[in-house]
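Participant: Pasting data_27.csv below, which is CSV, C-alpha atoms.
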chain,number,residue,atom,x,y,z
W,1,MET,CA,8.4,-17.4,13.9
W,2,ASN,CA,5.8,-18.1,11.2
W,3,VAL,CA,4.0,-14.8,10.8
W,4,LYS,CA,1.6,-14.4,7.8
W,5,ILE,CA,-0.3,-11.6,6.2
W,6,LEU,CA,-3.8,-11.6,4.6
W,7,THR,CA,-3.6,-11.5,0.8
W,8,PRO,CA,-6.2,-11.9,-2.0
W,9,THR,CA,-5.3,-15.7,-2.0
W,10,GLY,CA,-5.4,-16.2,1.8
W,11,TYR,CA,-2.8,-15.9,4.5
W,12,ARG,CA,0.8,-15.9,3.1
W,13,GLY,CA,4.3,-15.6,4.4
W,14,PHE,CA,6.5,-12.6,3.9
W,15,PHE,CA,10.2,-11.8,4.3
W,16,LYS,CA,10.1,-8.9,6.8
W,17,ILE,CA,8.5,-5.5,7.6
W,18,GLN,CA,10.5,-2.6,6.2
W,19,LYS,CA,10.5,0.8,8.0
W,20,LYS,CA,11.1,3.8,5.9
W,21,GLN,CA,10.4,7.5,5.7
W,22,GLY,CA,8.7,9.1,2.8
W,23,ASP,CA,6.6,12.0,1.5
W,24,CYS,CA,3.1,10.9,2.5
W,25,ILE,CA,-0.5,11.7,1.9
W,26,LYS,CA,-3.7,10.9,3.8
W,27,ILE,CA,-6.5,9.6,1.5
W,28,THR,CA,-9.9,9.8,3.1
W,29,PHE,CA,-12.5,7.4,1.7
W,30,ASP,CA,-16.2,7.2,2.5
W,31,ASN,CA,-15.5,4.4,5.0
W,32,CYS,CA,-11.9,4.8,6.2
W,33,GLU,CA,-8.6,6.7,5.7
W,34,VAL,CA,-5.2,5.5,4.5
W,35,LYS,CA,-1.9,7.2,5.2
W,36,CYS,CA,0.8,6.1,2.8
W,37,THR,CA,3.7,7.3,0.7
W,38,LYS,CA,3.0,8.9,-2.6
W,39,ASP,CA,4.6,6.0,-4.4
W,40,HIS,CA,2.6,3.4,-2.5
W,41,ARG,CA,0.7,1.1,-4.9
W,42,PHE,CA,-2.9,0.1,-4.7
W,43,GLU,CA,-4.6,-2.4,-7.0
W,44,HIS,CA,-7.2,-0.8,-9.3
W,45,ASN,CA,-9.0,-2.7,-12.0
W,46,GLY,CA,-6.4,-5.5,-11.7
W,47,LYS,CA,-3.4,-3.1,-12.2
W,48,PRO,CA,-1.1,-1.2,-9.9
W,49,LEU,CA,-2.1,2.4,-9.2
W,50,PHE,CA,0.3,4.8,-7.4
W,51,ALA,CA,-1.2,6.7,-4.5
W,52,SER,CA,-0.1,10.0,-6.2
W,53,ASP,CA,-2.5,9.1,-9.1
W,54,VAL,CA,-5.6,8.8,-6.9
W,55,TYR,CA,-7.9,11.8,-7.1
W,56,VAL,CA,-10.9,13.1,-5.2
W,57,GLY,CA,-14.1,11.5,-6.6
W,58,MET,CA,-12.3,8.4,-7.8
W,59,VAL,CA,-13.9,5.1,-6.7
W,60,LEU,CA,-11.3,2.6,-5.5
W,61,ASN,CA,-12.4,-0.9,-4.6
W,62,GLY,CA,-16.0,0.3,-4.3
W,63,HIS,CA,-15.1,3.3,-2.0
W,64,LYS,CA,-15.2,6.9,-3.0
W,65,VAL,CA,-12.2,9.2,-2.3
W,66,ILE,CA,-13.5,12.1,-0.3
W,67,SER,CA,-10.3,14.1,0.2
W,68,ILE,CA,-6.5,13.9,-0.2
W,69,GLU,CA,-4.1,15.7,2.1
W,70,ASP,CA,-0.3,16.1,2.0
W,71,ILE,CA,1.0,15.2,5.4
W,72,GLY,CA,4.7,15.6,4.8
W,73,ILE,CA,7.5,13.2,5.7
W,74,GLN,CA,6.3,10.3,7.8
W,75,THR,CA,7.6,6.9,8.9
W,76,VAL,CA,5.8,4.1,7.3
W,77,TYR,CA,6.0,0.3,7.4
W,78,THR,CA,5.5,-2.2,4.6
W,79,PRO,CA,5.8,-5.9,4.2
W,80,VAL,CA,8.5,-7.1,1.9
W,81,GLU,CA,8.3,-10.1,-0.5
W,82,VAL,CA,4.8,-11.3,0.3
W,83,GLU,CA,4.4,-14.8,-1.2
W,84,ASN,CA,2.3,-15.4,-4.2
W,85,GLY,CA,2.2,-12.1,-6.0
W,86,HIS,CA,3.5,-9.4,-3.7
W,87,LYS,CA,0.0,-8.2,-2.7
W,88,TYR,CA,-1.7,-7.9,0.7
W,89,LEU,CA,-5.0,-6.7,2.1
W,90,SER,CA,-5.4,-3.8,4.4
W,91,ASN,CA,-8.4,-1.5,5.2
W,92,GLY,CA,-10.4,-3.4,2.5
W,93,PHE,CA,-7.9,-2.6,-0.3
W,94,VAL,CA,-5.4,-4.6,-2.2
W,95,HIS,CA,-1.9,-3.1,-1.8
W,96,TYR,CA,1.3,-4.1,-3.6
W,97,ASN,CA,4.4,-4.5,-1.4
W,98,CYS,CA,8.1,-4.3,-2.0
W,99,SER,CA,9.4,-7.2,-4.0
W,100,PHE,CA,13.1,-6.5,-3.1
W,101,LEU,CA,15.2,-4.5,-0.8
W,102,GLY,CA,17.9,-2.1,-2.0
W,103,SER,CA,20.2,0.4,-0.2
W,104,THR,CA,19.7,3.2,-2.7
W,105,ALA,CA,17.0,4.5,-5.1
W,106,THR,CA,18.7,2.7,-8.0
W,107,LEU,CA,19.9,-0.8,-8.4
Give the structure from this file in structure tokens form.

Facilitator:
Amino acid sequence: MNVKILTPTGYRGFFKIQKKQGDCIKITFDNCEVKCTKDHRFEHNGKPLFASDVYVGMVLNGHKVISIEDIGIQTVYTPVEVENGHKYLSNGFVHYNCSFLGSTATL
């Protein structure tokens, strides 16, 4: 199967989709909402930005953050090892994906 994901440089391959549970937040923007783990990484001004560092009033990729809500432990899915930079597009935002898989929090 040759499944690809949209990235800033076009459609690219990826290794797999990882399912995990984590402490999550819901970030509501002026045009959409994103539910993600607090350690999820967006791209902001060309650099990674953890979701936990996003704040109300911040403008991320041209969209203003309206509210942030803790939603507790949730199951989330993330692509792993996206080709050409470990980035993908979703909801109009550039996200960073996992660049490796490990069985524990440390390697």

Participant: For a quick check of understanding, using only C-alpha atoms, which of W:Ile71, W:Val65, W:Ile5, W:Val56 has the smallest distance to Gly22 of chain W?

Facilitator: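 Among W:Ile71, W:Val65, W:Ile5, W:Val56, it is W:Ile71 that comes nearest to Gly22 of chain W.
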
Participant: For Thr28 of chain W, list every protein, DNA or RNA residue within 10 Å, evaluated using all atoms listed in the file, and leave out those in the same chain fewer than 3 positions away; present the list as a ChimeraX atom specification.

Facilitator: /W:25,31-35,56,63-69

Participant: I'd like the interatomic distance between atom CA of Ser90 of chain W and atom CA of Lys20 of chain W, to a tenth of an Å.

Facilitator: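 Distance between the two atoms: 18.2 Å.
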
Participant: Just want the 10 Å neighbourhood of Leu89 of chain W, counted on all atoms listed in the file, with same-chain residues fewer than 2 positions away dropped. Output as a compact mmCIF listing (two decimals) with C-alpha atoms, in the frame of the given file.

Facilitator:
# COMPACT_ATOMS: atom_id res chain seq x y z
CA ILE W 5 -0.30 -11.60 6.20
CA LEU W 6 -3.80 -11.60 4.60
CA THR W 7 -3.60 -11.50 0.80
CA PRO W 8 -6.20 -11.90 -2.00
CA THR W 9 -5.30 -15.70 -2.00
CA GLY W 10 -5.40 -16.20 1.80
CA TYR W 11 -2.80 -15.90 4.50
CA PHE W 42 -2.90 0.10 -4.70
CA LYS W 87 0.00 -8.20 -2.70
CA ASN W 91 -8.40 -1.50 5.20
CA GLY W 92 -10.40 -3.40 2.50
CA PHE W 93 -7.90 -2.60 -0.30
CA VAL W 94 -5.40 -4.60 -2.20
CA HIS W 95 -1.90 -3.10 -1.80
CA TYR W 96 1.30 -4.10 -3.60

Participant: Could you jot down the atom CA of His86 of chain W to atom CA of Lys26 of chain W separation for me, Å, one decimal place?

Facilitator: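 Computed distance, atom CA of His86 of chain W to atom CA of Lys26 of chain W, equals 22.8 Å.
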
Participant: What is the atom CA of Arg41 of chain W to atom CA of Lys16 of chain W distance in Å?

Facilitator: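 These atoms are spaced 18.0 Å apart.
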
Participant: Given all atoms listed in the file as the basis, pick out the residue of W:Lys19, W:Lys4, W:Cys24, W:Asp30 nearest to Gly57 of chain W.

Facilitator: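 Comparing W:Lys19, W:Lys4, W:Cys24, W:Asp30 against Gly57 of chain W, the winner is W:Asp30.
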
Participant: Which of these residues is nearest to Leu60 of chain W, using all atoms listed in the file: W:Gly46, W:Gly72, W:Tyr88, W:Phe15?

Facilitator: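 That would be W:Gly46, the residue with the smallest distance to Leu60 of chain W.
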
Participant: Kindly indicate which residue among W:Asn97, W:Asn84, W:Ile73, W:Arg12 lies nearest to Phe50 of chain W, using only C-alpha atoms for the distances.

Facilitator: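 Ranked by minimum distance to Phe50 of chain W, first place goes to W:Asn97.
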
Participant: So, counting all atoms listed in the file, which residue among W:Ile27, W:Val59, W:Val80, W:Cys36 is closest to Phe14 of chain W?

Facilitator: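 For Phe14 of chain W, the nearest of the given residues is W:Val80.
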